[in-house]
file structure21.cif (mmCIF, C-alpha atoms)
data_coords
loop_
_atom_site.label_atom_id
_atom_site.label_comp_id
_atom_site.auth_asym_id
_atom_site.auth_seq_id
_atom_site.Cartn_x
_atom_site.Cartn_y
_atom_site.Cartn_z
CA MET Y 13 11.42 19.30 -2.16
CA THR Y 14 14.14 21.85 -2.73
CA ASP Y 15 16.28 21.64 0.43
CA LEU Y 16 19.29 19.31 0.48
CA ILE Y 17 18.93 16.81 3.31
CA GLU Y 18 22.09 14.77 2.94
CA ARG Y 19 24.58 13.79 0.25
CA ARG Y 20 25.03 10.10 -0.49
CA PRO Y 21 27.16 8.26 -3.07
CA VAL Y 22 25.29 6.50 -5.84
CA PRO Y 23 24.79 2.92 -4.63
CA ASP Y 24 26.55 0.07 -6.38
CA VAL Y 25 24.08 -2.37 -7.91
CA SER Y 26 26.33 -5.24 -6.78
CA ASP Y 27 25.46 -4.35 -3.17
CA ALA Y 28 22.02 -5.84 -3.80
CA GLY Y 29 23.43 -9.28 -4.51
CA ASP Y 30 25.75 -9.08 -1.51
CA ALA Y 31 22.80 -8.27 0.75
CA VAL Y 32 20.83 -11.27 -0.49
CA VAL Y 33 23.80 -13.61 0.06
CA ALA Y 34 24.30 -12.27 3.59
CA ALA Y 35 20.61 -12.69 4.39
CA ARG Y 36 20.70 -16.25 3.08
CA ARG Y 37 23.57 -17.04 5.46
CA ALA Y 38 21.70 -15.52 8.40
CA PHE Y 39 18.41 -17.25 7.64
CA PRO Y 40 18.88 -20.76 9.14
CA ALA Y 41 19.73 -19.56 12.64
CA TRP Y 42 16.90 -17.00 12.65
CA ALA Y 43 14.43 -19.64 11.43
CA ARG Y 44 15.44 -21.84 14.41
CA THR Y 45 15.04 -18.96 16.88
CA PRO Y 46 11.96 -19.52 19.10
CA ALA Y 47 8.95 -17.54 17.91
CA THR Y 48 8.67 -15.84 21.30
CA GLU Y 49 12.21 -14.46 20.95
CA ARG Y 50 11.46 -13.18 17.47
CA ALA Y 51 8.34 -11.54 18.88
CA ALA Y 52 10.36 -9.88 21.67
CA ALA Y 53 12.65 -8.34 19.06
CA LEU Y 54 9.66 -6.84 17.23
CA ARG Y 55 8.23 -5.44 20.46
CA ALA Y 56 11.56 -3.81 21.27
CA ALA Y 57 11.67 -2.28 17.79
CA ALA Y 58 8.12 -0.98 18.17
CA ALA Y 59 9.01 0.68 21.45
CA GLU Y 60 12.01 2.45 19.90
CA LEU Y 61 9.92 3.58 16.94
CA ARG Y 62 7.50 5.26 19.32
CA GLU Y 63 10.39 7.01 21.07
CA ARG Y 64 11.72 8.27 17.72
CA ALA Y 65 8.38 9.00 16.07
CA GLY Y 66 8.98 12.74 15.88
CA GLU Y 67 12.45 12.31 14.38
CA LEU Y 68 11.27 9.86 11.72
CA ALA Y 69 8.24 12.00 10.93
CA GLN Y 70 10.39 15.06 10.35
CA LEU Y 71 12.72 13.12 8.09
CA ASN Y 72 9.72 11.80 6.17
CA HIS Y 73 8.44 15.37 5.79
CA GLN Y 74 11.81 16.53 4.48
CA GLU Y 75 12.10 13.71 1.94
CA THR Y 76 8.54 13.48 0.61
CA GLY Y 77 6.65 16.56 1.80
CA LYS Y 78 4.22 14.49 3.87
CA LEU Y 79 2.68 16.65 6.61
CA PRO Y 80 4.57 16.07 9.89
CA GLU Y 81 1.47 15.12 11.88
CA GLU Y 82 0.42 12.63 9.20
CA ALA Y 83 3.96 11.27 8.98
CA GLU Y 84 4.06 10.79 12.75
CA GLY Y 85 0.76 8.96 12.54
CA GLY Y 86 2.36 6.64 10.01
CA VAL Y 87 5.27 5.91 12.34
CA LEU Y 88 2.91 5.12 15.22
CA ALA Y 89 0.82 2.91 12.94
CA GLY Y 90 4.01 1.10 11.96
CA ALA Y 91 4.91 0.52 15.60
CA ALA Y 92 1.42 -0.86 16.24
CA THR Y 93 1.83 -3.20 13.28
CA LEU Y 94 5.11 -4.56 14.68
CA ASP Y 95 3.33 -5.19 17.98
CA GLN Y 96 0.53 -6.93 16.10
CA TYR Y 97 2.90 -9.34 14.40
CA ALA Y 98 4.74 -9.86 17.69
CA GLU Y 99 1.43 -11.14 19.07
CA LEU Y 100 0.41 -13.12 16.00
CA GLY Y 101 3.76 -14.71 15.19
CA PRO Y 102 4.00 -17.12 18.15
CA VAL Y 103 0.40 -18.28 17.71
CA HIS Y 104 0.65 -18.77 13.94
CA ARG Y 105 0.06 -22.48 13.59
CA GLY Y 106 -0.67 -25.36 11.31
CA ARG Y 107 -3.13 -28.10 12.17
CA SER Y 108 -3.33 -31.74 13.10
CA LEU Y 109 -4.77 -34.30 10.72
CA LEU Y 110 -6.89 -37.35 11.49
CA GLY Y 111 -4.93 -40.33 10.25
CA ASP Y 112 -4.29 -43.81 11.63
CA TRP Y 113 -4.75 -44.33 15.37
CA GLY Y 114 -1.14 -45.32 15.80
CA ALA Y 115 0.36 -42.35 13.92
CA THR Y 116 0.48 -38.58 14.19
CA ASP Y 117 -0.06 -36.32 11.19
CA VAL Y 118 0.46 -32.59 11.34
CA MET Y 119 0.78 -29.60 9.01
CA VAL Y 120 3.59 -27.27 10.11
CA PRO Y 121 4.27 -23.75 8.75
CA GLU Y 122 7.90 -23.02 7.92
CA PRO Y 123 9.55 -19.74 6.85
CA ARG Y 124 10.20 -19.44 3.15
CA GLY Y 125 13.75 -18.06 3.35
CA VAL Y 126 14.86 -14.67 2.03
CA VAL Y 127 12.22 -12.00 1.56
CA VAL Y 128 12.87 -8.91 -0.56
CA ALA Y 129 10.61 -6.06 0.57
CA LEU Y 130 10.21 -3.17 -1.89
CA THR Y 131 8.35 -0.40 -0.09
CA PRO Y 132 6.79 2.89 -1.26
CA TRP Y 133 7.39 6.55 -0.49
CA ASN Y 134 3.82 7.65 0.25
CA ASP Y 135 3.58 5.87 3.64
CA PRO Y 136 7.09 4.51 4.06
CA VAL Y 137 7.08 3.46 7.71
CA ALA Y 138 3.61 1.97 8.16
CA VAL Y 139 3.73 -0.09 4.96
CA ALA Y 140 7.28 -1.31 5.54
CA CYS Y 141 6.53 -2.35 9.11
CA GLY Y 142 3.79 -4.63 7.84
CA LEU Y 143 6.01 -6.47 5.39
CA LEU Y 144 9.11 -6.54 7.59
CA GLY Y 145 7.16 -7.45 10.72
CA ALA Y 146 5.34 -10.40 9.16
CA ALA Y 147 8.48 -11.71 7.46
CA LEU Y 148 10.62 -11.52 10.60
CA ALA Y 149 7.93 -12.88 12.92
CA THR Y 150 7.72 -16.05 10.85
CA GLY Y 151 11.50 -16.61 10.75
CA ASN Y 152 12.49 -15.20 7.36
CA ALA Y 153 15.53 -13.06 6.66
CA VAL Y 154 14.76 -9.80 4.85
CA VAL Y 155 16.40 -7.42 2.39
CA HIS Y 156 14.61 -4.07 2.44
CA LYS Y 157 14.81 -1.63 -0.44
CA PRO Y 158 12.77 1.50 0.24
CA SER Y 159 11.79 3.90 -2.52
CA GLU Y 160 14.61 6.05 -3.83
CA ARG Y 161 12.35 9.02 -2.99
CA CYS Y 162 12.76 8.38 0.76
CA PRO Y 163 15.97 6.39 1.26
CA LEU Y 164 16.84 7.93 4.63
CA VAL Y 165 13.49 7.11 6.21
CA GLY Y 166 13.93 3.56 4.95
CA GLN Y 167 17.46 3.39 6.33
CA ARG Y 168 16.50 4.72 9.78
CA LEU Y 169 13.57 2.33 10.04
CA THR Y 170 15.65 -0.66 8.99
CA GLU Y 171 18.36 0.30 11.48
CA VAL Y 172 15.85 0.51 14.34
CA ILE Y 173 14.48 -2.97 13.64
CA GLY Y 174 17.84 -4.39 12.56
CA ARG Y 175 19.45 -3.60 15.92
CA LYS Y 176 16.95 -5.93 17.60
CA VAL Y 177 17.73 -8.99 15.46
CA PRO Y 178 20.99 -10.84 14.69
CA ALA Y 179 23.38 -9.45 12.10
CA ASP Y 180 22.24 -9.71 8.47
CA VAL Y 181 18.76 -10.98 9.33
CA LEU Y 182 17.52 -7.60 8.11
CA ARG Y 183 19.51 -5.70 5.51
CA TRP Y 184 18.90 -2.27 3.95
CA VAL Y 185 19.75 -1.61 0.30
CA PRO Y 186 19.34 1.88 -1.21
CA GLY Y 187 18.88 2.61 -4.87
CA ASP Y 188 16.47 3.02 -7.76
CA GLY Y 189 14.83 0.59 -10.14
CA ARG Y 190 18.15 -0.89 -11.25
CA VAL Y 191 18.83 -2.08 -7.72
CA GLY Y 192 15.28 -3.36 -7.39
CA ALA Y 193 15.62 -5.28 -10.65
CA ARG Y 194 18.84 -6.90 -9.40
CA LEU Y 195 17.14 -7.94 -6.17
CA VAL Y 196 14.04 -9.48 -7.70
CA ALA Y 197 16.06 -11.42 -10.27
CA HIS Y 198 18.39 -12.94 -7.67
CA PRO Y 199 18.06 -16.75 -7.57
CA GLU Y 200 18.44 -16.86 -3.77
CA VAL Y 201 15.27 -14.80 -3.16
CA ASP Y 202 12.21 -16.77 -2.04
CA VAL Y 203 9.57 -14.01 -1.65
CA ILE Y 204 9.22 -10.61 -3.30
CA ALA Y 205 6.81 -8.32 -1.45
CA HIS Y 206 6.10 -5.11 -3.33
CA VAL Y 207 3.88 -2.07 -2.76
CA GLY Y 208 4.05 0.40 -5.62
CA SER Y 209 3.14 0.99 -9.24
CA THR Y 210 1.48 -1.50 -11.56
CA THR Y 211 4.29 -1.17 -14.10
CA THR Y 212 6.88 -2.17 -11.51
CA GLY Y 213 4.62 -4.90 -10.19
CA ARG Y 214 4.32 -6.50 -13.61
CA SER Y 215 8.08 -6.52 -14.08
CA ILE Y 216 8.42 -8.16 -10.66
CA ALA Y 217 5.87 -10.81 -11.60
CA ALA Y 218 7.90 -11.62 -14.73
CA ALA Y 219 11.11 -11.89 -12.71
CA ALA Y 220 9.44 -14.09 -10.11
CA ALA Y 221 8.13 -16.38 -12.84
CA ALA Y 222 11.71 -16.89 -14.02
CA THR Y 223 13.23 -17.57 -10.58
CA GLY Y 224 10.30 -19.31 -8.89
CA ALA Y 225 10.03 -16.73 -6.11
CA LYS Y 226 6.63 -16.02 -4.60
CA ALA Y 227 5.36 -12.55 -5.51
CA LEU Y 228 3.11 -10.50 -3.20
CA LEU Y 229 2.03 -7.44 -5.16
CA GLU Y 230 -0.01 -4.45 -4.14
CA ASN Y 231 0.14 -2.38 -7.30
CA GLY Y 232 -1.67 0.77 -8.33
CA GLY Y 233 -5.36 1.45 -7.91
CA ASN Y 234 -8.07 3.50 -9.58
CA ASP Y 235 -10.60 3.48 -6.77
CA PRO Y 236 -14.14 4.65 -7.54
CA LEU Y 237 -16.55 6.42 -5.23
CA ILE Y 238 -20.28 6.19 -5.92
CA VAL Y 239 -22.60 8.83 -4.46
CA ASP Y 240 -26.20 7.61 -4.30
CA THR Y 241 -29.33 9.74 -4.27
CA GLY Y 242 -30.84 10.37 -0.84
CA VAL Y 243 -27.57 10.89 1.05
CA ASP Y 244 -26.60 14.14 2.76
CA LEU Y 245 -24.66 15.87 -0.01
CA ALA Y 246 -22.54 18.04 2.30
CA TRP Y 247 -21.37 14.87 4.05
CA ALA Y 248 -20.87 13.09 0.73
CA ALA Y 249 -18.74 15.96 -0.60
CA GLU Y 250 -16.66 15.91 2.59
CA GLN Y 251 -16.10 12.16 2.20
CA ALA Y 252 -15.10 12.62 -1.44
CA ALA Y 253 -12.69 15.42 -0.51
CA ILE Y 254 -11.09 13.38 2.26
CA GLY Y 255 -10.68 10.46 -0.11
CA ALA Y 256 -9.29 12.51 -3.01
CA PHE Y 257 -7.18 15.15 -1.26
CA THR Y 258 -5.69 13.56 1.89
CA ASN Y 259 -1.89 13.43 1.55
CA ALA Y 260 -2.46 15.23 -1.77
CA GLY Y 261 -4.13 12.11 -3.14
CA GLN Y 262 -0.96 10.07 -2.67
CA ILE Y 263 -2.54 7.09 -0.92
CA CYS Y 264 -2.95 3.65 -2.46
CA VAL Y 265 -6.69 3.71 -1.73
CA SER Y 266 -7.32 7.37 -2.58
CA VAL Y 267 -10.55 8.21 -4.37
CA GLU Y 268 -9.54 8.41 -8.05
CA ARG Y 269 -12.94 8.76 -9.77
CA ILE Y 270 -16.41 9.81 -8.60
CA TYR Y 271 -19.79 8.76 -10.01
CA VAL Y 272 -22.84 10.91 -9.24
CA PRO Y 273 -26.44 10.60 -10.52
CA ARG Y 274 -27.53 13.54 -12.64
CA GLU Y 275 -30.36 14.66 -10.34
CA ILE Y 276 -28.00 15.42 -7.45
CA ALA Y 277 -24.89 16.37 -9.43
CA PRO Y 278 -25.23 20.21 -9.29
CA ASP Y 279 -25.60 20.35 -5.50
CA PHE Y 280 -22.89 17.74 -4.95
CA LEU Y 281 -20.43 19.56 -7.22
CA GLU Y 282 -21.07 22.85 -5.46
CA ALA Y 283 -20.36 21.23 -2.09
CA LEU Y 284 -17.26 19.44 -3.40
CA VAL Y 285 -15.83 22.66 -4.84
CA GLY Y 286 -16.36 24.26 -1.45
CA GLN Y 287 -14.44 21.44 0.20
CA ALA Y 288 -11.59 21.76 -2.31
CA ARG Y 289 -11.27 25.49 -1.70
CA LEU Y 290 -10.75 24.90 2.01
CA ARG Y 291 -7.38 23.36 1.15
CA PRO Y 292 -4.75 24.31 2.13
CA ASP Y 293 -5.85 27.58 3.81
CA ARG Y 294 -8.14 25.95 6.40
CA VAL Y 295 -7.46 22.25 5.91
CA PRO Y 296 -3.74 21.37 5.61
CA MET Y 297 -2.68 19.61 2.41
CA ALA Y 298 0.76 18.28 1.57
CA PRO Y 299 2.61 19.01 -1.66
CA LEU Y 300 3.25 16.24 -4.12
CA VAL Y 301 6.39 14.22 -3.56
CA ASP Y 302 8.31 15.94 -6.39
CA ARG Y 303 7.85 17.84 -9.63
CA ARG Y 304 7.94 14.66 -11.69
CA GLN Y 305 4.82 13.47 -9.89
CA ARG Y 306 3.24 16.91 -10.25
CA ASP Y 307 3.84 16.83 -14.01
CA HIS Y 308 2.12 13.45 -14.17
CA VAL Y 309 -0.91 14.75 -12.27
CA HIS Y 310 -1.16 17.88 -14.40
CA GLU Y 311 -0.97 15.83 -17.60
CA HIS Y 312 -4.14 14.01 -16.54
CA VAL Y 313 -5.90 17.29 -15.86
CA VAL Y 314 -4.82 18.80 -19.18
CA ASP Y 315 -5.90 15.65 -21.03
CA ALA Y 316 -9.34 15.85 -19.41
CA ARG Y 317 -9.70 19.53 -20.24
CA HIS Y 318 -8.76 18.91 -23.87
CA GLY Y 319 -11.35 16.12 -23.96
CA GLY Y 320 -14.13 18.47 -22.87
CA ALA Y 321 -14.00 18.30 -19.07
CA LYS Y 322 -14.48 21.50 -17.11
CA VAL Y 323 -12.16 22.56 -14.29
CA LEU Y 324 -14.36 23.90 -11.48
CA THR Y 325 -11.44 24.74 -9.19
CA GLY Y 326 -7.68 24.16 -9.18
CA GLY Y 327 -6.04 22.62 -12.21
CA GLN Y 328 -3.13 25.06 -12.46
CA ILE Y 329 0.52 24.66 -11.48
CA PRO Y 330 1.28 27.46 -9.00
CA ASP Y 331 4.28 29.74 -9.29
CA GLY Y 332 7.24 29.32 -6.97
CA PRO Y 333 9.40 26.49 -5.64
CA GLY Y 334 8.26 23.10 -4.49
CA ALA Y 335 5.80 20.61 -5.92
CA PHE Y 336 2.45 21.80 -4.60
CA TYR Y 337 -0.65 21.15 -6.71
CA PRO Y 338 -4.06 22.58 -5.75
CA ALA Y 339 -7.09 20.50 -4.88
CA THR Y 340 -8.81 20.14 -8.24
CA VAL Y 341 -12.41 19.30 -9.16
CA LEU Y 342 -13.33 18.26 -12.71
CA THR Y 343 -16.76 17.70 -14.20
CA GLY Y 344 -17.88 16.58 -17.63
CA CYS Y 345 -15.50 13.62 -17.44
CA THR Y 346 -15.98 10.71 -19.84
CA PRO Y 347 -14.88 7.07 -19.54
CA THR Y 348 -12.12 7.40 -22.15
CA MET Y 349 -10.23 10.15 -20.31
CA ARG Y 350 -6.96 9.21 -18.63
CA VAL Y 351 -8.16 10.78 -15.39
CA LEU Y 352 -10.83 8.06 -15.19
CA ARG Y 353 -8.90 5.19 -16.75
CA GLU Y 354 -5.49 5.55 -15.07
CA GLU Y 355 -4.19 6.16 -11.56
CA THR Y 356 -3.60 9.91 -11.13
CA PHE Y 357 -2.19 9.71 -7.58
CA GLY Y 358 -2.72 13.38 -6.91
CA PRO Y 359 -5.30 15.81 -5.44
CA VAL Y 360 -7.75 15.55 -8.33
CA ALA Y 361 -11.45 14.70 -7.98
CA PRO Y 362 -12.84 13.85 -11.45
CA VAL Y 363 -16.64 13.62 -11.43
CA ARG Y 364 -18.54 11.48 -13.90
CA VAL Y 365 -22.25 12.44 -14.03
CA VAL Y 366 -24.42 9.39 -14.77
CA ALA Y 367 -28.10 8.64 -15.16
CA ASP Y 368 -28.61 6.67 -11.95
CA PHE Y 369 -27.06 4.29 -9.42
CA ASP Y 370 -27.18 1.37 -11.84
CA GLN Y 371 -25.08 3.21 -14.42
CA ALA Y 372 -22.69 4.33 -11.69
CA LEU Y 373 -22.21 0.75 -10.51
CA LEU Y 374 -21.76 -0.50 -14.08
CA GLU Y 375 -19.09 2.09 -14.97
CA ALA Y 376 -17.33 1.87 -11.60
CA SER Y 377 -16.95 -1.88 -12.17
CA ASP Y 378 -15.53 -1.47 -15.67
CA ASP Y 379 -11.86 -1.02 -14.83
CA ARG Y 380 -8.63 -3.00 -15.07
CA TYR Y 381 -7.68 -2.16 -11.47
CA GLY Y 382 -9.21 -3.81 -8.43
CA LEU Y 383 -7.87 -2.37 -5.19
CA ALA Y 384 -10.81 -0.73 -3.37
CA ALA Y 385 -14.09 1.15 -3.84
CA THR Y 386 -16.42 3.31 -1.75
CA VAL Y 387 -20.21 3.60 -1.89
CA LEU Y 388 -22.18 6.32 -0.11
CA THR Y 389 -25.81 5.25 0.15
CA ASN Y 390 -28.84 5.06 2.44
CA SER Y 391 -30.14 2.01 0.59
CA MET Y 392 -29.30 -1.40 2.04
CA GLU Y 393 -30.27 -2.97 -1.29
CA HIS Y 394 -27.84 -0.73 -3.17
CA ALA Y 395 -25.10 -1.38 -0.62
CA GLN Y 396 -25.58 -5.14 -0.88
CA ARG Y 397 -25.63 -5.09 -4.66
CA ALA Y 398 -22.54 -2.88 -4.78
CA TRP Y 399 -20.29 -4.96 -2.57
CA ARG Y 400 -21.33 -8.09 -4.42
CA ARG Y 401 -20.65 -6.67 -7.89
CA LEU Y 402 -17.62 -4.41 -7.49
CA PRO Y 403 -14.54 -6.43 -8.60
CA VAL Y 404 -12.15 -5.08 -5.94
CA GLY Y 405 -10.43 -6.34 -2.82
CA THR Y 406 -12.03 -3.87 -0.39
CA VAL Y 407 -15.49 -2.28 -0.52
CA LYS Y 408 -16.22 0.53 1.94
CA ILE Y 409 -19.83 1.52 2.55
CA ASN Y 410 -20.36 5.06 3.91
CA GLY Y 411 -16.74 5.75 4.84
CA VAL Y 412 -13.77 6.36 2.55
CA PHE Y 413 -11.22 5.32 5.17
CA GLY Y 414 -11.37 3.17 8.28
CA GLY Y 415 -12.30 -0.39 9.14
CA ALA Y 416 -11.83 -2.96 11.87
CA PRO Y 417 -8.30 -4.12 12.74
CA GLY Y 418 -7.20 -7.52 11.50
CA GLY Y 419 -8.85 -7.34 8.09
CA ALA Y 420 -6.96 -8.41 4.99
CA ALA Y 421 -7.94 -8.27 1.34
CA GLN Y 422 -6.54 -9.54 -1.94
CA PRO Y 423 -6.31 -6.99 -4.76
CA ARG Y 424 -7.67 -7.90 -8.17
CA GLY Y 425 -6.63 -7.36 -11.78
CA ALA Y 426 -3.86 -4.84 -12.38
CA SER Y 427 -3.81 -3.98 -8.67
CA GLY Y 428 -1.84 -7.11 -7.81
CA GLU Y 429 -2.25 -10.37 -5.95
CA GLY Y 430 -1.81 -11.92 -2.53
CA PHE Y 431 -2.47 -10.75 1.02
CA GLY Y 432 -0.27 -7.77 1.79
CA TYR Y 433 -1.28 -7.15 5.40
CA GLY Y 434 -3.26 -8.62 8.29
CA PRO Y 435 -2.94 -12.08 9.86
CA GLU Y 436 -3.08 -13.72 6.43
CA LEU Y 437 0.26 -12.14 5.55
CA LEU Y 438 1.84 -14.66 7.94
CA ASP Y 439 0.48 -17.42 5.72
CA GLU Y 440 2.02 -15.77 2.66
CA MET Y 441 5.41 -15.63 4.38
CA THR Y 442 5.39 -19.35 5.19
CA ARG Y 443 4.73 -22.65 3.46
CA MET Y 444 3.17 -25.76 4.92
CA LYS Y 445 4.96 -29.05 5.46
CA VAL Y 446 2.98 -32.21 6.20
CA VAL Y 447 4.63 -34.53 8.73
CA HIS Y 448 3.57 -38.17 9.20
CA LEU Y 449 4.94 -39.82 12.35
CA ALA Y 450 4.40 -43.56 12.67
CA PRO Y 451 6.16 -46.07 14.93
CA ALA Y 452 8.69 -48.41 13.41
CA PRO Y 453 7.79 -52.11 13.59
CA ALA Y 454 9.29 -54.17 16.38
CA ALA Y 455 12.63 -55.77 15.61
CA ARG Y 456 12.43 -59.34 14.38
CA ILE Y 457 14.42 -61.91 16.36
#
call {"tool": "encode", "arguments": {"input": "structure21.cif", "output": "structure tokens"}}
result
Amino acid sequence: MTDLIERRPVPDVSDAGDAVVAARRAFPAWARTPATERAAALRAAAAELRERAGELAQLNHQETGKLPEEAEGGVLAGAATLDQYAELGPVHRGRSLLGDWGATDVMVPEPRGVVVALTPWNDPVAVACGLLGAALATGNAVVHKPSERCPLVGQRLTEVIGRKVPADVLRWVPGDGRVGARLVAHPEVDVIAHVGSTTTGRSIAAAAAATGAKALLENGGNDPLIVDTGVDLAWAAEQAAIGAFTNAGQICVSVERIYVPREIAPDFLEALVGQARLRPDRVPMAPLVDRRQRDHVHEHVVDARHGGAKVLTGGQIPDGPGAFYPATVLTGCTPTMRVLREETFGPVAPVRVVADFDQALLEASDDRYGLAATVLTNSMEHAQRAWRRLPVGTVKINGVFGGAPGGAAQPRGASGEGFGYGPELLDEMTRMKVVHLAPAPAARI
């Protein structure tokens, strides 16, 4: 973006350590607060988020370029997530054990302590509300560092929630990777919850190994989409376009690579090019977050073109201000190209033409990432085989986005580890203590 939103001093890295110390002091009292009171605080925060959805959405648009209506949807999704954890927190429970008749044995979940939440710029409110909501609902204190690409959205969100809880239970720390590194290396941190790049995630894992903190990592993805023979190709192209171009491809589970059998490839490519050319004239499409990200996306396209891929539409940096990049369709892609091997995180749909569904499934599975995958097929046998074989946390059959509420998946490989959302995130934010209660023997006279 080119417009100045607000001037801020460069944050002092030492502020990160101060925030962790303050959160540690606030933790014991918050951990003893009844779960129903913690839940009431989250509900109050959710209500205020809904009231300020338009304001936060506009700020998000100014900082990252996200379309206002999509940004507002993210705020409302975040509010719904806070409500979800307000409901789940008080009923999060351990279990009783069957021991001796005269004793009681129970497993009790307890908060871990101080959680550092490092949240991304591409969906800053919805993602942060998941991590903050689960941590607070279970009695942890939290230090929140949003991406340096959207510090004001992160600050406003943290202020809204922070006003509903006691002082220092939730702290906001601005800054770049230096601040993040200071936070994750702090010995008083018990959990590091991160949504972002694989490179950052690996550095966090190393820091957590040194301090003993628990690391919850949702790193990058390189999600494949397989188009099977026999499907409606106009619908398949629309699904591919939605997956590759929504929010300019800046979604963790965006479609990053497409596999199409040779016999249907010409018709599919024609339909996909048509879908790409609808954007942004008839279908709104956001710019990329900044020119640094646009340069990264264009490097992948140039690398593919130099390797023999053909640009069917897009693939050129437009003149003028801003960071817009056109919806781009590539064909002739090969497995060694960066656009198929790495996360592009932009509005690029690289198509790999293969012999058949079996080759598509084999190549889609051959990847170091393991976040999600989509399969478009009319064959129940192909669908069953695909979800069994694809080494990812989430497999979507016949729909690039969507799914029932309450689901939670664990990423694989370079995409991270641990549950990052859903009811299971409450388990990640707590640890179990076994308690054995037995009567003392009668006093001897």
call {"tool": "resolve_selection", "arguments": {"input": "structure21.cif", "expression": "the PyMOL selection byres ((chain Y and resi 236) around 8)", "output": "ChimeraX atom specification"}}
result
/Y:234-235,237-238,267-271,376,384-386
call {"tool": "atom_distance", "arguments": {"input": "structure21.cif", "atom1": "CA of Ala426 (chain Y)", "atom2": "CA of Thr406 (chain Y)"}}
result
14.5 Å
call {"tool": "resolve_selection", "arguments": {"input": "structure21.cif", "expression": "the PyMOL selection byres ((chain Y and resi 49) around 12)", "output": "JSON, numbers by chain"}}
result
{"Y": [42, 43, 44, 45, 46, 47, 48, 50, 51, 52, 53, 54, 55, 56, 98, 99, 101, 102, 148, 149, 150, 151, 176, 177, 178]}
call {"tool": "resolve_selection", "arguments": {"input": "structure21.cif", "expression": "the PyMOL selection byres ((chain Y and resi 380) around 9)", "output": "ChimeraX atom specification"}}
result
/Y:234,353,377-379,381-382,424-427
call {"tool": "atom_distance", "arguments": {"input": "structure21.cif", "atom1": "CA of Leu195 (chain Y)", "atom2": "CA of Leu143 (chain Y)"}}
result
16.1 Å
call {"tool": "residues_around", "arguments": {"input": "structure21.cif", "residues": "Gly66 (chain Y)", "least_positions_apart": "4", "cutoff": "10 Å", "atoms": "only C-alpha atoms", "output": "PyMOL selection string"}}
result
chain Y and resi 61-62+70-72+80-81+83-85+87-88
call {"tool": "atom_distance", "arguments": {"input": "structure21.cif", "atom1": "CA of Glu75 (chain Y)", "atom2": "CA of Ile254 (chain Y)"}}
result
23.2 Å
call {"tool": "closest_residue", "arguments": {"input": "structure21.cif", "among": "Y:Leu300, Y:Val154, Y:Ala41, Y:Val33", "to": "His73 (chain Y)", "atoms": "all atoms listed in the file"}}
result
Y:Leu300
call {"tool": "closest_residue", "arguments": {"input": "structure21.cif", "among": "Y:Gly326, Y:Gly415, Y:Gly358, Y:Gly77", "to": "Asp135 (chain Y)", "atoms": "all atoms listed in the file"}}
result
Y:Gly77
call {"tool": "residues_near_point", "arguments": {"input": "structure21.cif", "point": "(-29.2, 8.2, -12.9)", "cutoff": "6 Å", "atoms": "only C-alpha atoms", "output": "PyMOL selection string"}}
result
chain Y and resi 273-274+366-369
call {"tool": "residues_near_point", "arguments": {"input": "structure21.cif", "point": "(9.2, -17.7, -5.3)", "cutoff": "8 Å", "atoms": "only C-alpha atoms", "output": "PDB file with C-alpha atoms, in the coordinates of the input"}}
result
ATOM      1  CA  VAL Y 201      15.270 -14.800  -3.160  1.00  0.00           C
ATOM      2  CA  ASP Y 202      12.210 -16.770  -2.040  1.00  0.00           C
ATOM      3  CA  VAL Y 203       9.570 -14.010  -1.650  1.00  0.00           C
ATOM      4  CA  ILE Y 204       9.220 -10.610  -3.300  1.00  0.00           C
ATOM      5  CA  ALA Y 220       9.440 -14.090 -10.110  1.00  0.00           C
ATOM      6  CA  ALA Y 221       8.130 -16.380 -12.840  1.00  0.00           C
ATOM      7  CA  THR Y 223      13.230 -17.570 -10.580  1.00  0.00           C
ATOM      8  CA  GLY Y 224      10.300 -19.310  -8.890  1.00  0.00           C
ATOM      9  CA  ALA Y 225      10.030 -16.730  -6.110  1.00  0.00           C
ATOM     10  CA  LYS Y 226       6.630 -16.020  -4.600  1.00  0.00           C
ATOM     11  CA  ALA Y 227       5.360 -12.550  -5.510  1.00  0.00           C
TER      12      ALA Y 227
END
call {"tool": "closest_residue", "arguments": {"input": "structure21.cif", "among": "Y:Leu373, Y:Val118, Y:Gly125, Y:Cys141", "to": "Glu440 (chain Y)", "atoms": "all atoms listed in the file"}}
result
Y:Gly125
call {"tool": "closest_residue", "arguments": {"input": "structure21.cif", "among": "Y:Leu449, Y:Val272, Y:Val243, Y:Met349", "to": "Ala115 (chain Y)", "atoms": "only C-alpha atoms"}}
result
Y:Leu449
call {"tool": "residues_around", "arguments": {"input": "structure21.cif", "residues": "region 309-323 of chain Y", "least_positions_apart": "2", "cutoff": "6 Å", "atoms": "only C-alpha atoms", "output": "VMD selection string"}}
result
chain Y and resid 306 to 307 325 342 to 345 349 to 351 356 358
call {"tool": "write_last_selection", "arguments": {"input": "structure21.cif", "atoms": "C-alpha atoms", "output": "mmCIF file, keeping the file's coordinate frame"}}
result
data_model
loop_
_atom_site.group_PDB
_atom_site.id
_atom_site.type_symbol
_atom_site.label_atom_id
_atom_site.label_comp_id
_atom_site.auth_asym_id
_atom_site.auth_seq_id
_atom_site.Cartn_x
_atom_site.Cartn_y
_atom_site.Cartn_z
ATOM 1 C CA ARG Y 306 3.240 16.910 -10.250
ATOM 2 C CA ASP Y 307 3.840 16.830 -14.010
ATOM 3 C CA THR Y 325 -11.440 24.740 -9.190
ATOM 4 C CA LEU Y 342 -13.330 18.260 -12.710
ATOM 5 C CA THR Y 343 -16.760 17.700 -14.200
ATOM 6 C CA GLY Y 344 -17.880 16.580 -17.630
ATOM 7 C CA CYS Y 345 -15.500 13.620 -17.440
ATOM 8 C CA MET Y 349 -10.230 10.150 -20.310
ATOM 9 C CA ARG Y 350 -6.960 9.210 -18.630
ATOM 10 C CA VAL Y 351 -8.160 10.780 -15.390
ATOM 11 C CA THR Y 356 -3.600 9.910 -11.130
ATOM 12 C CA GLY Y 358 -2.720 13.380 -6.910
#
